[in-house]
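Data block for data.cif (mmCIF, C-alpha atoms and all ligand atoms):
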```cif
data_target
#
loop_
_atom_site.label_atom_id
_atom_site.label_comp_id
_atom_site.auth_asym_id
_atom_site.auth_seq_id
_atom_site.Cartn_x
_atom_site.Cartn_y
_atom_site.Cartn_z
CA MET N 1 126.84 29.13 67.54
CA ILE N 2 127.04 31.05 64.27
CA THR N 3 127.49 28.84 61.24
CA VAL N 4 127.24 31.41 58.45
CA VAL N 5 128.02 35.11 58.43
CA THR N 6 127.34 37.11 55.30
CA THR N 7 127.80 40.76 54.51
CA ILE N 8 125.51 42.41 52.01
CA ILE N 9 126.04 45.90 50.76
CA GLY N 10 123.63 47.96 48.78
CA GLY N 11 120.74 50.36 48.85
CA PRO N 12 120.67 54.04 49.66
CA GLY N 13 123.62 55.22 51.70
CA PHE N 14 125.39 51.93 51.12
CA ARG N 15 123.57 50.39 54.00
CA ALA N 16 125.15 47.16 55.14
CA ALA N 17 123.35 44.23 56.63
CA VAL N 18 125.17 41.52 58.50
CA SER N 19 123.22 38.32 58.78
CA ALA N 20 123.94 35.27 60.81
CA GLN N 21 122.64 31.75 60.69
CA GLY N 22 122.29 31.22 64.44
CA THR N 23 120.15 29.06 66.65
CA SER N 24 117.10 31.12 65.74
CA GLY N 25 117.50 30.65 62.00
CA GLU N 26 118.43 33.65 59.88
CA CYS N 27 119.32 36.72 61.94
CA HIS N 28 119.16 40.12 60.23
CA PRO N 29 120.24 42.76 62.75
CA SER N 30 118.48 45.44 60.73
CA ASP N 31 115.32 43.56 61.77
CA PRO N 32 116.15 42.76 65.43
CA ALA N 33 113.12 40.52 65.95
CA THR N 34 114.77 37.96 63.67
CA CYS N 35 117.70 37.62 66.08
CA THR N 36 118.27 36.06 69.47
CA LEU N 37 120.59 37.57 72.06
CA ALA N 38 122.99 34.72 71.32
CA ASP N 39 123.07 35.51 67.59
CA LEU N 40 123.85 39.14 68.31
CA ALA N 41 126.41 38.42 71.02
CA ASP N 42 128.30 36.23 68.58
CA LEU N 43 128.23 38.97 65.95
CA LEU N 44 129.47 41.49 68.51
CA GLY N 45 132.22 39.20 69.77
CA ILE N 46 130.94 39.16 73.35
CA ARG N 47 129.28 36.58 75.57
CA ILE N 48 125.73 36.85 76.84
CA GLY N 49 125.29 34.70 79.90
CA THR N 50 122.91 33.53 82.57
CA THR N 51 122.91 31.12 85.51
CA LEU N 52 122.15 27.43 85.71
CA GLU N 53 121.41 25.10 88.61
CA ASP N 54 121.38 21.31 88.34
CA PHE N 55 117.63 21.11 89.02
CA GLU N 56 116.94 23.57 86.21
CA ILE N 57 118.36 21.18 83.61
CA VAL N 58 115.20 19.06 83.72
CA ASP N 59 113.00 22.11 83.08
CA SER N 60 112.52 21.86 79.32
CA ASP N 61 111.18 25.40 78.96
CA TYR N 62 114.09 26.79 80.93
CA VAL N 63 116.77 25.04 78.93
CA ALA N 64 115.06 25.80 75.62
CA THR N 65 115.29 29.51 76.42
CA LEU N 66 118.80 29.11 77.75
CA ARG N 67 120.04 27.38 74.62
CA ARG N 68 118.26 29.77 72.30
CA GLU N 69 119.25 33.07 73.88
CA PHE N 70 122.55 32.65 75.72
CA THR N 71 126.15 31.75 74.91
CA SER N 72 127.55 31.42 78.42
CA VAL N 73 126.54 29.87 81.72
CA THR N 74 127.57 30.60 85.28
CA PRO N 75 126.71 27.73 87.63
CA GLU N 76 124.74 29.70 90.24
CA ASN N 77 125.72 27.57 93.23
CA ALA N 78 126.99 24.16 92.08
CA LEU N 79 130.70 25.00 91.99
CA LYS N 80 130.84 26.83 95.29
CA ALA N 81 132.93 25.29 98.08
CA TYR N 82 129.90 24.78 100.27
CA SER N 83 128.31 22.70 97.49
CA ILE N 84 131.41 20.71 96.57
CA ARG N 85 132.88 20.14 100.01
CA PRO N 86 130.21 20.72 102.65
CA THR N 87 132.29 18.92 105.28
CA GLN N 88 136.00 18.26 105.37
CA SER N 89 135.49 14.57 104.72
CA SER N 90 132.89 14.81 101.95
CA TRP N 91 133.35 15.88 98.36
CA ASP N 92 130.24 16.18 96.22
CA PHE N 93 130.67 17.01 92.55
CA SER N 94 127.25 15.76 91.49
CA ALA N 95 125.59 19.16 90.92
CA GLY N 96 128.75 20.67 89.44
CA ASP N 97 129.21 17.76 87.05
CA ALA N 98 125.59 17.97 85.95
CA VAL N 99 125.73 21.70 85.19
CA VAL N 100 129.15 21.57 83.52
CA ASP N 101 128.33 18.51 81.40
CA TYR N 102 125.01 19.97 80.31
CA SER N 103 126.56 23.30 79.39
CA VAL N 104 129.37 21.70 77.39
CA ASP N 105 126.87 19.53 75.57
CA ALA N 106 124.78 22.60 74.76
CA GLY N 107 127.82 24.43 73.37
CA LEU N 108 127.72 27.03 76.12
CA GLU N 109 130.85 28.56 77.60
CA ILE N 110 131.20 28.25 81.37
CA ARG N 111 132.23 30.80 83.96
CA GLY N 112 133.48 28.70 86.88
CA HIS N 113 132.05 30.36 89.97
CA THR N 114 133.86 30.36 92.30
CA LEU N 115 137.09 28.91 93.72
CA VAL N 116 137.43 31.13 96.79
CA TRP N 117 134.42 33.12 98.02
CA ALA N 118 135.86 35.46 100.61
CA LYS N 119 132.79 35.63 102.84
CA ASP N 120 132.59 33.49 105.98
CA GLU N 121 128.83 33.35 105.54
CA TYR N 122 129.29 31.35 102.32
CA THR N 123 132.39 29.42 103.28
CA PRO N 124 131.82 25.87 104.57
CA ALA N 125 131.91 25.99 108.37
CA TRP N 126 134.81 23.55 108.61
CA LEU N 127 136.90 25.75 106.30
CA ALA N 128 135.91 29.07 107.87
CA GLY N 129 136.83 27.55 111.24
CA LEU N 130 140.46 26.89 110.36
CA THR N 131 142.32 29.36 112.54
CA ASP N 132 145.77 28.03 111.71
CA PRO N 133 146.91 29.83 108.51
CA VAL N 134 149.00 26.84 107.44
CA ALA N 135 146.00 24.50 107.70
CA LEU N 136 143.82 27.06 105.91
CA TRP N 137 146.25 27.45 103.02
CA THR N 138 146.70 23.68 102.75
CA ALA N 139 142.93 23.23 102.53
CA THR N 140 142.68 26.06 99.98
CA GLN N 141 145.38 24.49 97.84
CA GLU N 142 143.61 21.16 97.99
CA HIS N 143 140.27 22.67 97.06
CA VAL N 144 141.52 24.76 94.14
CA THR N 145 143.61 21.87 92.84
CA GLN N 146 140.77 19.34 92.99
CA VAL N 147 138.16 21.59 91.43
CA MET N 148 140.26 23.11 88.64
CA SER N 149 141.82 19.77 87.73
CA ARG N 150 138.45 18.04 87.54
CA TYR N 151 137.01 20.60 85.13
CA ALA N 152 140.18 21.69 83.31
CA ASP N 153 139.02 20.36 79.96
CA ARG N 154 135.60 22.01 80.20
CA VAL N 155 135.80 25.16 82.32
CA ARG N 156 138.17 27.62 80.72
CA ARG N 157 137.31 30.67 82.83
CA TRP N 158 137.21 30.96 86.61
CA ASP N 159 136.11 33.49 89.18
CA VAL N 160 139.21 32.68 91.21
CA VAL N 161 138.45 35.03 94.09
CA ASN N 162 134.94 36.33 94.70
CA GLU N 163 134.08 39.33 96.85
CA PRO N 164 137.30 40.05 98.75
CA LEU N 165 135.88 43.39 99.89
CA ALA N 166 133.24 44.16 102.51
CA THR N 167 129.75 43.89 101.06
CA LEU N 168 128.74 47.48 101.81
CA GLY N 169 132.17 48.96 102.49
CA THR N 170 135.62 49.49 101.10
CA GLY N 171 137.75 47.44 103.47
CA PRO N 172 138.45 43.71 103.54
CA SER N 173 135.50 41.33 103.64
CA ASP N 174 134.55 39.37 106.72
CA SER N 175 136.48 36.27 105.79
CA VAL N 176 138.89 33.77 107.26
CA PHE N 177 140.96 34.14 104.08
CA TRP N 178 142.10 37.56 105.22
CA SER N 179 143.86 35.79 108.13
CA LEU N 180 146.30 34.38 105.60
CA ALA N 181 149.57 36.25 105.69
CA GLY N 182 150.76 38.52 102.89
CA ASP N 183 149.30 38.67 99.42
CA TRP N 184 146.80 35.85 99.77
CA ILE N 185 144.73 36.91 96.74
CA GLY N 186 147.83 36.90 94.55
CA ASP N 187 148.79 33.53 96.00
CA VAL N 188 145.42 32.01 95.04
CA PHE N 189 145.78 33.36 91.48
CA ARG N 190 149.33 31.98 91.22
CA LEU N 191 148.08 28.66 92.50
CA ALA N 192 145.24 28.60 89.95
CA ASP N 193 147.67 29.52 87.17
CA SER N 194 149.99 26.69 88.16
CA ILE N 195 147.13 24.20 87.93
CA ASP N 196 145.69 25.39 84.62
CA PRO N 197 147.99 27.90 82.89
CA THR N 198 145.65 28.36 79.93
CA ALA N 199 142.45 29.08 81.88
CA GLU N 200 141.26 32.67 82.17
CA LEU N 201 141.57 33.84 85.76
CA TRP N 202 139.14 36.47 87.03
CA ILE N 203 138.36 38.38 90.19
CA ASN N 204 134.73 39.28 90.89
CA GLU N 205 133.16 41.86 93.21
CA TYR N 206 129.76 43.02 94.39
CA GLY N 207 128.40 46.56 94.61
CA THR N 208 131.25 48.49 93.02
CA ASP N 209 128.72 50.27 90.82
CA TRP N 210 126.84 51.83 93.74
CA VAL N 211 128.52 51.41 97.16
CA PRO N 212 130.35 54.71 97.87
CA GLY N 213 134.11 54.38 97.43
CA LYS N 214 134.00 50.71 96.56
CA HIS N 215 135.06 51.07 92.93
CA ALA N 216 138.20 52.94 94.01
CA ALA N 217 138.98 50.27 96.57
CA TYR N 218 138.47 47.50 93.99
CA LEU N 219 140.58 49.32 91.42
CA SER N 220 143.37 49.78 93.95
CA LEU N 221 143.27 46.10 94.88
CA VAL N 222 143.36 44.99 91.25
CA ARG N 223 146.09 47.48 90.34
CA ASP N 224 148.24 46.05 93.13
CA LEU N 225 147.76 42.57 91.67
CA VAL N 226 148.74 43.73 88.19
CA GLU N 227 151.77 45.64 89.48
CA SER N 228 152.83 42.50 91.36
CA ASP N 229 152.65 40.48 88.11
CA VAL N 230 149.87 38.31 89.45
CA PRO N 231 148.45 36.16 86.60
CA ILE N 232 145.03 37.75 86.35
CA ASP N 233 143.05 38.07 83.12
CA GLY N 234 139.79 39.71 83.99
CA VAL N 235 137.73 41.76 86.40
CA GLY N 236 134.07 41.06 87.06
CA LEU N 237 131.62 43.74 88.14
CA GLN N 238 128.51 42.06 89.46
CA VAL N 239 126.03 44.97 88.99
CA HIS N 240 123.22 43.85 91.26
CA ARG N 241 121.09 46.99 91.15
CA LEU N 242 118.74 48.38 93.80
CA PRO N 243 115.06 49.07 93.06
CA GLY N 244 114.59 52.62 91.77
CA SER N 245 118.29 53.38 91.57
CA ALA N 246 119.13 54.52 88.03
CA VAL N 247 122.27 53.31 86.31
CA ASP N 248 124.80 56.05 85.54
CA GLN N 249 125.90 54.79 82.14
CA ALA N 250 128.89 57.12 81.80
CA LEU N 251 130.11 56.21 85.27
CA LEU N 252 129.75 52.48 84.64
CA GLU N 253 131.57 52.84 81.33
CA GLN N 254 134.40 54.70 83.06
CA GLN N 255 134.59 52.05 85.76
CA LEU N 256 134.94 49.37 83.10
CA ARG N 257 137.63 51.40 81.34
CA ASP N 258 139.56 51.84 84.58
CA PHE N 259 140.20 48.09 84.49
CA THR N 260 140.79 47.70 80.77
CA SER N 261 143.36 50.49 81.14
CA LEU N 262 145.30 48.04 83.29
CA GLY N 263 145.39 45.62 80.38
CA LEU N 264 142.61 43.40 81.74
CA GLN N 265 139.33 42.16 80.34
CA VAL N 266 136.12 43.17 82.09
CA ALA N 267 132.64 41.70 82.34
CA VAL N 268 129.31 42.43 83.93
CA THR N 269 129.00 39.11 85.71
CA GLU N 270 125.77 39.11 87.73
CA LEU N 271 123.33 41.68 86.39
CA ASP N 272 119.84 42.08 87.79
CA VAL N 273 117.55 45.09 88.11
CA PRO N 274 114.79 44.60 90.70
CA VAL N 275 111.71 46.82 90.54
CA ALA N 276 108.81 47.60 92.85
CA PRO N 277 106.01 45.03 92.47
CA THR N 278 103.24 47.59 91.95
CA ASP N 279 104.92 50.31 89.91
CA PRO N 280 103.02 50.53 86.58
CA GLY N 281 105.97 52.00 84.69
CA ALA N 282 108.49 49.69 86.26
CA LEU N 283 109.18 47.42 83.33
CA GLU N 284 109.88 50.27 80.90
CA TRP N 285 112.17 51.91 83.48
CA GLN N 286 113.87 48.58 83.99
CA ALA N 287 114.36 48.23 80.23
CA SER N 288 116.20 51.55 80.11
CA GLN N 289 118.49 50.43 82.92
CA TYR N 290 119.35 47.19 81.15
CA ARG N 291 119.98 49.14 77.98
CA LYS N 292 122.42 51.43 79.77
CA VAL N 293 124.39 48.54 81.22
CA MET N 294 124.67 46.81 77.85
CA ALA N 295 125.58 50.13 76.21
CA ALA N 296 128.38 50.67 78.72
CA CYS N 297 129.80 47.23 77.98
CA LEU N 298 129.53 47.64 74.23
CA ALA N 299 131.36 50.98 74.44
CA VAL N 300 134.42 49.36 76.03
CA SER N 301 136.41 47.12 73.73
CA GLY N 302 137.72 44.96 76.58
CA CYS N 303 134.22 44.23 77.90
CA ARG N 304 133.76 40.58 77.01
CA GLU N 305 130.49 39.54 78.64
CA VAL N 306 127.21 40.51 80.17
CA THR N 307 125.70 37.80 82.36
CA VAL N 308 122.27 38.20 83.93
CA TRP N 309 121.86 36.61 87.36
CA GLY N 310 119.02 34.26 86.57
CA LEU N 311 117.03 33.40 83.47
CA SER N 312 113.53 34.50 84.40
CA ASP N 313 111.71 36.36 87.13
CA ARG N 314 110.60 33.10 88.68
CA ASP N 315 114.25 32.07 89.17
CA THR N 316 115.70 35.11 90.91
CA TRP N 317 117.60 34.85 94.19
CA LEU N 318 116.22 38.28 95.15
CA ASP N 319 112.71 37.08 95.96
CA GLY N 320 114.12 34.83 98.68
CA LEU N 321 116.43 37.46 100.11
CA GLY N 322 113.83 39.06 102.37
CA VAL N 323 115.10 42.56 101.65
CA PHE N 324 112.96 43.89 98.79
CA SER N 325 109.20 43.84 98.21
CA THR N 326 108.34 40.86 96.09
CA PRO N 327 108.04 39.93 93.34
CA THR N 328 111.17 41.82 92.41
CA ARG N 329 110.87 40.92 88.70
CA PRO N 330 114.53 41.71 88.01
CA LEU N 331 115.35 39.72 84.86
CA LEU N 332 114.88 39.62 81.09
CA PHE N 333 112.08 37.02 80.98
CA ASP N 334 108.87 36.94 83.04
CA ASP N 335 107.50 34.08 85.12
CA SER N 336 106.23 32.38 81.97
CA LEU N 337 109.55 32.88 80.19
CA ARG N 338 108.09 35.56 77.95
CA PRO N 339 110.56 38.27 76.90
CA LYS N 340 110.08 41.51 78.83
CA PRO N 341 110.70 45.09 77.66
CA ALA N 342 114.21 44.73 79.10
CA TYR N 343 114.86 41.85 76.71
CA THR N 344 113.69 43.88 73.75
CA ALA N 345 115.77 46.87 74.81
CA VAL N 346 118.94 44.80 75.11
CA ARG N 347 118.30 42.91 71.88
CA ASP N 348 117.55 46.05 69.90
CA LEU N 349 120.62 47.86 71.20
CA MET N 350 122.81 44.89 70.31
CA ALA N 351 121.27 44.70 66.85
CA GLN N 352 121.70 48.45 66.28
CA THR N 353 125.31 48.16 67.36
CA VAL N 354 125.96 45.35 64.88
CA VAL N 355 124.44 47.43 62.10
CA ARG N 356 126.30 50.59 63.13
CA ARG N 357 129.63 48.76 63.29
CA SER N 358 128.96 47.39 59.82
CA LEU N 359 128.55 50.84 58.27
CA PRO N 360 131.45 52.77 56.72
CA THR N 361 132.66 55.40 59.17
CA THR N 362 133.57 57.96 56.47
CA GLY N 363 130.78 59.92 54.84
CA GLY N 364 130.14 60.38 51.15
CA PHE N 365 130.26 58.08 48.17
CA ALA N 366 132.92 55.44 47.94
CA GLY N 367 133.90 53.76 44.71
CA SER N 368 133.17 50.11 44.04
CA GLU N 369 136.75 49.06 44.84
CA VAL N 370 136.53 50.71 48.22
CA LEU N 371 133.21 49.07 48.88
CA THR N 372 134.53 45.67 47.92
CA ALA N 373 137.55 46.07 50.17
CA TRP N 374 135.33 47.29 52.98
CA ALA N 375 132.97 44.33 52.52
CA ILE N 376 135.86 41.86 52.76
CA LEU N 377 137.16 43.63 55.84
CA THR N 378 133.74 43.60 57.50
CA LEU N 379 133.26 39.93 56.78
CA GLY N 380 136.69 39.16 58.18
CA VAL N 381 136.06 41.14 61.33
CA ALA N 382 132.68 39.46 61.83
CA LEU N 383 134.23 36.03 61.44
CA VAL N 384 137.12 36.82 63.75
CA MET N 385 134.81 38.31 66.38
CA SER N 386 132.56 35.26 66.28
CA THR N 387 135.42 32.86 66.91
CA ARG N 388 137.96 34.87 68.90
CA ARG N 389 138.84 33.84 72.42
CA PRO N 390 140.16 36.54 74.70
CA ARG N 391 143.72 36.04 75.76
CA ARG N 392 145.58 37.08 78.82
CA THR N 393 147.11 40.46 78.33
CA SER N 394 149.17 40.81 81.49
O1 LIG N 401 121.61 23.85 99.57
C1 LIG N 401 120.35 24.14 100.18
C2 LIG N 401 119.40 23.06 99.85
O2 LIG N 401 119.85 21.86 100.43
C3 LIG N 401 118.03 23.43 100.37
O3 LIG N 401 117.10 22.50 99.93
C4 LIG N 401 117.59 24.81 99.87
C5 LIG N 401 116.29 25.24 100.47
O4 LIG N 401 116.11 26.61 100.32
O5 LIG N 401 118.58 25.74 100.22
C6 LIG N 401 119.82 25.43 99.61
O6 LIG N 401 120.80 26.38 99.77
C7 LIG N 401 120.58 27.61 99.14
C8 LIG N 401 121.47 27.75 97.92
O7 LIG N 401 121.32 29.06 97.38
C9 LIG N 401 121.18 26.76 96.82
O8 LIG N 401 119.91 26.95 96.32
C10 LIG N 401 120.88 28.67 100.15
O9 LIG N 401 119.93 28.60 101.20
C11 LIG N 401 120.86 30.03 99.53
O10 LIG N 401 121.42 30.96 100.47
C12 LIG N 401 121.75 30.05 98.30
O11 LIG N 401 121.67 31.33 97.77
C13 LIG N 401 122.61 31.66 96.77
C14 LIG N 401 123.62 32.68 97.31
O12 LIG N 401 124.45 33.16 96.26
C15 LIG N 401 124.50 32.06 98.37
O13 LIG N 401 125.28 31.07 97.81
C16 LIG N 401 121.84 32.24 95.59
O14 LIG N 401 121.05 31.21 95.02
C17 LIG N 401 122.79 32.82 94.56
O15 LIG N 401 122.06 33.51 93.58
C18 LIG N 401 123.74 33.79 95.23
O16 LIG N 401 124.65 34.24 94.26
C19 LIG N 401 125.61 35.19 94.67
C20 LIG N 401 126.86 34.97 93.85
O17 LIG N 401 127.28 33.64 93.98
C21 LIG N 401 127.96 35.93 94.27
N1 LIG N 401 127.50 37.31 94.19
C22 LIG N 401 126.27 37.60 94.90
C23 LIG N 401 125.15 36.66 94.46
C24 LIG N 401 123.89 36.97 95.19
O18 LIG N 401 124.04 36.74 96.56
#
```
For the file at hand, write its structure as structure tokens.
Ligand code: G3I
Amino acid sequence: MITVVTTIIGGPGFRAAVSAQGTSGECHPSDPATCTLADLADLLGIRIGTTLEDFEIVDSDYVATLRREFTSVTPENALKAYSIRPTQSSWDFSAGDAVVDYSVDAGLEIRGHTLVWAKDEYTPAWLAGLTDPVALWTATQEHVTQVMSRYADRVRRWDVVNEPLATLGTGPSDSVFWSLAGDWIGDVFRLADSIDPTAELWINEYGTDWVPGKHAAYLSLVRDLVESDVPIDGVGLQVHRLPGSAVDQALLEQQLRDFTSLGLQVAVTELDVPVAPTDPGALEWQASQYRKVMAACLAVSGCREVTVWGLSDRDTWLDGLGVFSTPTRPLLFDDSLRPKPAYTAVRDLMAQTVVRRSLPTTGGFAGSEVLTAWAILTLGVALVMSTRRPRRTS
């Protein structure tokens, strides 16, 4: 997305400005309003993502915002088993193809979501009804093979297993997949690795940021995978927040580090922050929560992505959930796709972080040779960060 990165040094205190020629034109992080989220994500070497459905592709306002502001897409529903294989005898790749093809054409990275969703509620009835473990594993093999092979040249990152833990608990989820003998999660990862050895393979889980004990359970599950040499690259924390529940930034940062300490990448994969419909201060409060989540990610070098679960408030899944008062207004853009305070908070933090990372870390005056060397180094780092692809570390 970035075509030109320049480093300029000068002025009092040897202030550095990194500028990028992104989709928005010239981005000067010292003036955040000149930058899009996509510009800044590229400069920071992370992905900023959102969701896409096939029917949203024809919404010109939606895709204009998507292409301007984001670098990554998660198909919200189109790659789920219930979409692709609603009955045992019918495969339907139409929505998945549309979303994947559009995203590739737009130069957006894709998070393939998801190969195995370990919740009976979201597993096609024919699949959830397979009580014979051999038949279930055969069907799983067929599904993972078909889907990964079809998109191997375009989808380079998969949520291989989604939500293996109970939604509001710490034990196994309510899923037929847990009837498979032994290390079924490891088996699905090994299967995925055998089909596409160069794809990034991720696990993804809900509620680990706020359900008591769930982070520890998730960490234990992932540690077991790593210690068993399962080919896993990354760990997704969904971070669907509850209205009025403040983010503990230090805790979230520590939770991210717990996984990077295992040698894995991490990402915030499904962020949304619903608020009460009538609270006058809600949008400023929401902005501070978004800022804390982005800050936690930016503080952890292995945090590769923040994806928000929906583009604008009119698109959110939460308003149809029947749990919270509506409108829940949980996203970065309002119903008319206007940026909200949360957008500005995230953008400004990202811009400040670019500027801060561009400044010399030692105080005092440095000679011109030092400055020149530092400028070359900064330019090199910016270029590397804008092009680098994370690699498996385990
Ligand atoms: O497919 C039918 C369609 O035929 C019908 O016209 C339409 C009418 O409402 O419903 C369609 O199905 C809906 C589907 O989204 C596609 O729009 C389902 O009823 C609805 O339950 C489904 O909700 C999705 C949910 O996952 C279940 O798949 C949400 O949009 C989606 O945001 C949500 O995403 C999940 C992540 O994948 C995993 N983590 C949690 C997150 C929130 O639940």
Exercise for review: Kindly indicate which residue among N:Trp202, N:Trp285, N:Phe93, N:Trp317 lies nearest to ligand LIG 401 (chain N), using all atoms listed in the file for the distances.
Suggested key: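 Among the listed residues, the smallest separation from ligand LIG 401 (chain N) belongs to N:Trp317.
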Exercise for review: Return as an MDAnalysis selection string every polymer residue, whether protein, DNA or RNA, with at least one atom no more than 10 Å from an atom of ligand LIG 401 (chain N); count all atoms listed in the file.
Suggested key: chainID N and resid 51:55 74:83 86 113:114 117 119 121:123 159 162:163 167 204:207 237:240 269:272 309:310 315:318 320:321
**Study point:** Minimum-distance residue to Cys297 (chain N), chosen among N:Ala95, N:Leu221, N:Val147, N:Ile46 (using only C-alpha atoms)
**Key:** N:Ile46
Check your understanding: Nearest to Glu69 (chain N): which of N:Gln352, N:Gly96, N:Ala128, N:Thr307 is it, counting all atoms listed in the file?
Key ->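 Nearest candidate to Glu69 (chain N) out of N:Gln352, N:Gly96, N:Ala128, N:Thr307: N:Thr307.
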Point to revise | CA of Val155 (chain N) to CA of Glu200 (chain N), straight-line distance in Å | key: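 Computing it gives 9.3 Å between the two atoms.
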Practice item. Have a look at CA of Leu332 (chain N) and CA of Asp39 (chain N) and let me know their distance in Å, one decimal. Key: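 Rounded to one decimal, the two atoms are 16.3 Å apart.
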Check your understanding: Hey, can you check how far CA of Leu201 (chain N) sits from CA of Gly107 (chain N)?
Key -> 20.8 Å
Exercise for review: Find the spatial neighbours of Asp132 (chain N), counting all atoms listed in the file, within a cut-off of 12 Å - ignore same-chain residues fewer than 2 positions away - and output them as a ChimeraX atom specification.
Suggested key: /N:127-130,134-139,176-177,179-181
Check your understanding: Taking into account all atoms listed in the file, which residue in the set N:Asp105, N:Glu142, N:Asp153, N:Asp97 is nearest to Asp196 (chain N)?
Key ->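 Closest to Asp196 (chain N) of all the choices is N:Asp153.
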Point to revise | Contacts of Gln249 (chain N) within 10 Å, all atoms listed in the file, excl. fewer than 4 positions in-chain, as an MDAnalysis selection string | key: chainID N and resid 253:255 289 291:297
Would you output that residue set with C-alpha atoms, as a tab-separated table (two decimals), in the coordinates of the input?
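That gives us again_16.tsv:
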```tsv
chain	number	residue	atom	x	y	z
N	253	GLU	CA	131.57	52.84	81.33
N	254	GLN	CA	134.40	54.70	83.06
N	255	GLN	CA	134.59	52.05	85.76
N	289	GLN	CA	118.49	50.43	82.92
N	291	ARG	CA	119.98	49.14	77.98
N	292	LYS	CA	122.42	51.43	79.77
N	293	VAL	CA	124.39	48.54	81.22
N	294	MET	CA	124.67	46.81	77.85
N	295	ALA	CA	125.58	50.13	76.21
N	296	ALA	CA	128.38	50.67	78.72
N	297	CYS	CA	129.80	47.23	77.98
```
Check your understanding: Which polymer residues have any atom within 10 Å of an atom of Ser312 (chain N), counting only C-alpha atoms, with same-chain residues fewer than 4 positions away left out, as a PyMOL selection string?
Key -> chain N and resi 50+62+65+308+316+329-340
**Study point:** Of the listed residues N:Val300, N:Val222, N:Leu256, N:Leu311, that which approaches Ser72 (chain N) most closely, counting only C-alpha atoms
**Key:** N:Leu311
Point to revise | Pick from N:Ala299, N:Val161, N:Ala351, N:Val144 nearest to Ile232 (chain N), counting only C-alpha atoms | key: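 Nearest to Ile232 (chain N): N:Val161.
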Practice item. Please return, as an MDAnalysis selection string, all polymer residues that have at least one atom within 12 Å of the point (127.0, 23.2, 77.7); use all atoms listed in the file and the file's own coordinate frame. Key: chainID N and resid 1 49 51:52 57 63 66:67 70:75 97:111 154:155
Around all the atoms of region 51-58 of chain N listed in the file, with 6 Å of room on each side, what axis-aligned box do you get, giving centre and edge lengths in Å to one decimal, as JSON?
```
{"center_x": 119.1, "center_y": 25.1, "center_z": 86.3, "size_x": 19.7, "size_y": 24.1, "size_z": 17.4}
```
**Study point:** Non-local contacts of Pro197 (chain N) (12 Å; only C-alpha atoms; under 5 positions in same chain excluded) as a list in words
**Key:**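 Surrounding residues, per the criterion: Met148, Ser149, Ala152, Arg156, Arg157, Trp158, Phe189, Arg190, Leu191, Ala192, Pro231, Ile232, Asp233, Arg391 and Arg392 of chain N.
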Practice item. Find the residues near Pro212 (chain N): any atom within 12 Å, counting only C-alpha atoms, skip ones fewer than 4 places away on the same chain, and give them as number ranges by chain. Key: N: 166-171, 207-208, 216-218
Could you model N, CA and C atoms for region 287-297 of chain N and present them as a CSV table (one decimal), in the coordinates of the input?
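selection-v4.csv was written with the following content:
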```csv
chain,number,residue,atom,x,y,z
N,287,ALA,N,113.8,48.4,81.6
N,287,ALA,CA,114.4,48.2,80.2
N,287,ALA,C,115.4,49.3,80.0
N,288,SER,N,115.2,50.5,80.4
N,288,SER,CA,116.2,51.6,80.1
N,288,SER,C,117.5,51.3,80.9
N,289,GLN,N,117.3,50.7,82.1
N,289,GLN,CA,118.5,50.4,82.9
N,289,GLN,C,119.3,49.3,82.3
N,290,TYR,N,118.6,48.3,81.8
N,290,TYR,CA,119.4,47.2,81.2
N,290,TYR,C,120.1,47.7,79.9
N,291,ARG,N,119.4,48.6,79.2
N,291,ARG,CA,120.0,49.1,78.0
N,291,ARG,C,121.3,49.9,78.3
N,292,LYS,N,121.2,50.7,79.4
N,292,LYS,CA,122.4,51.4,79.8
N,292,LYS,C,123.6,50.5,80.2
N,293,VAL,N,123.3,49.5,80.8
N,293,VAL,CA,124.4,48.5,81.2
N,293,VAL,C,125.0,47.9,80.0
N,294,MET,N,124.1,47.4,79.1
N,294,MET,CA,124.7,46.8,77.8
N,294,MET,C,125.4,47.9,77.0
N,295,ALA,N,124.9,49.1,77.0
N,295,ALA,CA,125.6,50.1,76.2
N,295,ALA,C,127.0,50.4,76.8
N,296,ALA,N,127.1,50.4,78.1
N,296,ALA,CA,128.4,50.7,78.7
N,296,ALA,C,129.4,49.6,78.3
N,297,CYS,N,128.9,48.3,78.4
N,297,CYS,CA,129.8,47.2,78.0
N,297,CYS,C,130.2,47.3,76.5
```
